[in-house]
Amino acid sequence: MKITSVTTFAVPPRWLFVRIETDTGVVGWGEATLEGRAATVAALVEELSDYLVGRDPRRIEEHWTVLYRSGFYRGGGLHMSALAGIDQALWDITGKALGAPVHELLGGRVRDRIKVYSWIGGDRPAETAAQARAAVDRGFSAVKMNGPEELQYLDTRAKVETVVANVSAVREAVGPDVSIGVDFHGRVHRPMARVLLEALAPFHLMFVEEPVLSEHVDGIADVLRGSATPIALGERLFSRWDFKDVITSGVVDVVQPDLSHAGGITEVRKIAAMAEAYDIAVAPHCPLGPIALAACLQLDAVAYNAVIQEQSLGIHYNTSNDLLDYLVDPSVFDYVDGSVAIPRGPGLGIEVDEEYVRERAAEGHRWRNPVWRHADGSFAEW
């Protein structure tokens, strides 16, 4: 079996799909989505394809190693997202060729299904309590929301009280038994992170995500270690080498590698194993498309320390298209009692609607991160 072509499709709302075809007719799909940088990642996938075309797709570890190490300059969001989409597609091909789901090739599943959570609210949370109640009524037992909006290094008590009021309203709406995650989204600097963590402690959160940007974790390590709320982060880390210091710091309770940002299934499985050695949980980041979610679920199937899976159905970014639109059989992601079954079909366990992908790729997208400003005109972290 040889690879004959590598093609990318930028599809709404903000996703980049990778299609790898072989001379036997087996086709694999991956997702190389790096939000706001689709065209750049697509160009990098095309460059990496020079090495892949003509080679056996089943030598996944070999191809990963060469594509990571041979460029001399390595790592970072662009490189690792391009590699992630390719890696997912290679696993998909290998599983389809053998008639087995990827998790069987990785040693077999340790679970049949995994808990999922629903996003509520938007970048600037509004009516989050009603959305939380609606999510619970649809069967979800966990929700996640953005916490603060813009925050200066030192900000007002009113800003803090707004966050507390939003979280309090959600807790009141869903009751004590529904898990709530609050994402600080890297918007919070060290001085205010201390204040917010203390203010939110009474709500017994599932976790606080990205309480500060990953590069600032060491500066607030003592505060994070002392937090009564589990600390989650990792969506902006791209390899096992990026995660190494975070995992060994004793600061983080849940790592959140993104299988479309951090080198795909091959790399995130290693990150999950590193985390397990330190008794740290894994909750893969995935506010993305159906191929990324399918890859995550294959990883969740074999990672003992996987605890919950993010998914994007109904998320505020999915305006023109949603999670299930690109699948021939959307029922593969049926959510029952707040969880989803691990797909059992060959490869990633989904069938991509290629005709619809090509139709939507003709429109494409040019999604960009919002640019926020503080009241004084300075840039604000989004």
# chains A, B, ... in the order shown; residues from 1 in each chain; ligands from 1

$ select_by_dssp --residues "range 116-188 of chain A" --states "helix (DSSP H, G or I)" --output "list in words"
Thr128, Ala129, Ala130, Gln131, Ala132, Arg133, Ala134, Ala135, Val136, Asp137, Arg157, Ala158, Lys159, Val160, Glu161, Thr162, Val163, Val164, Ala165, Asn166, Val167, Ser168, Ala169, Val170, Arg171, Glu172, Ala173 and Val174 of chain A

$ write_last_selection --atoms "C-alpha atoms" --output "short mmCIF file (atom, residue, chain, number, x, y, z; two decimals), in the first residue's frame"
data_model
loop_
_atom_site.label_atom_id
_atom_site.label_comp_id
_atom_site.auth_asym_id
_atom_site.auth_seq_id
_atom_site.Cartn_x
_atom_site.Cartn_y
_atom_site.Cartn_z
CA THR A 128 -25.75 30.82 30.77
CA ALA A 129 -28.07 29.56 33.50
CA ALA A 130 -30.89 28.92 31.04
CA GLN A 131 -28.49 27.23 28.62
CA ALA A 132 -27.09 25.09 31.43
CA ARG A 133 -30.58 23.94 32.42
CA ALA A 134 -31.37 23.18 28.78
CA ALA A 135 -28.16 21.12 28.44
CA VAL A 136 -29.07 19.09 31.52
CA ASP A 137 -32.58 18.57 30.14
CA ARG A 157 -14.35 43.96 42.43
CA ALA A 158 -17.36 44.38 40.14
CA LYS A 159 -15.66 42.23 37.47
CA VAL A 160 -15.06 39.50 40.04
CA GLU A 161 -18.63 39.68 41.30
CA THR A 162 -19.93 39.34 37.73
CA VAL A 163 -18.04 36.08 37.30
CA VAL A 164 -19.25 34.82 40.66
CA ALA A 165 -22.84 35.78 39.83
CA ASN A 166 -22.70 33.94 36.48
CA VAL A 167 -21.31 30.77 38.03
CA SER A 168 -23.72 30.99 40.95
CA ALA A 169 -26.67 31.25 38.57
CA VAL A 170 -25.52 28.16 36.68
CA ARG A 171 -25.04 26.20 39.90
CA GLU A 172 -28.50 27.18 41.08
CA ALA A 173 -30.00 26.20 37.71
CA VAL A 174 -28.44 22.73 37.52
#

$ residues_around --residues "Val328 in chain A" --least-positions-apart "2" --cutoff "8 Å" --atoms "only C-alpha atoms" --output "JSON, numbers by chain"
{"A": [326, 330, 351, 352, 353]}

$ write_last_selection --atoms "N, CA and C atoms" --output "tab-separated table (two decimals), in the first residue's frame"
chain	number	residue	atom	x	y	z
A	326	TYR	N	-21.00	16.89	8.67
A	326	TYR	CA	-20.09	16.30	7.70
A	326	TYR	C	-20.02	14.77	7.78
A	330	PRO	N	-24.65	10.48	11.46
A	330	PRO	CA	-24.43	11.29	12.66
A	330	PRO	C	-24.69	10.54	13.96
A	351	GLU	N	-17.75	7.80	9.11
A	351	GLU	CA	-17.71	7.91	7.66
A	351	GLU	C	-17.95	9.36	7.28
A	352	VAL	N	-16.93	9.98	6.70
A	352	VAL	CA	-17.02	11.38	6.30
A	352	VAL	C	-17.81	11.48	5.00
A	353	ASP	N	-18.72	12.45	4.95
A	353	ASP	CA	-19.50	12.71	3.75
A	353	ASP	C	-18.64	13.55	2.80

$ closest_atom_pairs --of "range 269-305 of chain A" --to "range 9-30 of chain A" --cutoff "10 Å" --atoms "only C-alpha atoms" --output "Markdown table"
| residue | atom | partner | partner_atom | distance |
| --- | --- | --- | --- | --- |
| A:Leu288 | CA | A:Trp15 | CA | 6.9 |
| A:Gly289 | CA | A:Trp15 | CA | 6.5 |
| A:Pro290 | CA | A:Gly30 | CA | 9.6 |
| A:Ile291 | CA | A:Gly30 | CA | 6.0 |
| A:Ala292 | CA | A:Gly30 | CA | 7.1 |
| A:Ala294 | CA | A:Gly30 | CA | 9.4 |
| A:Ala295 | CA | A:Gly30 | CA | 8.1 |

$ closest_residue --among "A:Ala193, A:Met145, A:Val6, A:Ala39" --to "Trp367 in chain A" --atoms "only C-alpha atoms"
A:Ala39

$ closest_residue --among "A:Ile342, A:Ala272, A:Ala262, A:Val212" --to "Lys115 in chain A" --atoms "only C-alpha atoms"
A:Ile342

$ residues_around --residues "Asp253 in chain A" --least-positions-apart "2" --cutoff "9 Å" --atoms "only C-alpha atoms" --output "PyMOL selection string"
chain A and resi 207+230-233+247+250-251+255+279-282

$ closest_residue --among "A:Glu235, A:Glu310, A:Glu104, A:Glu363" --to "His261 in chain A" --atoms "only C-alpha atoms"
A:Glu235

$ residues_around --residues "range 183-191 of chain A" --least-positions-apart "4" --cutoff "9 Å" --atoms "only C-alpha atoms" --output "MDAnalysis selection string"
chainID A and resid 144:154 195:196 207:214 216:217 219:220 232 380:382

$ select_by_dssp --residues "range 114-330 of chain A" --states "strand (DSSP E)" --output "list in words"
Ile114, Lys115, Val116, Tyr117, Ser118, Trp119, Ala142, Val143, Lys144, Met145, Asn146, Ser179, Ile180, Gly181, Val182, Asp183, Phe207, Val208, Glu209, Ile231, Ala232, Leu233, Val254, Val255, Ala281, Val282, Gln309 and Glu310 of chain A
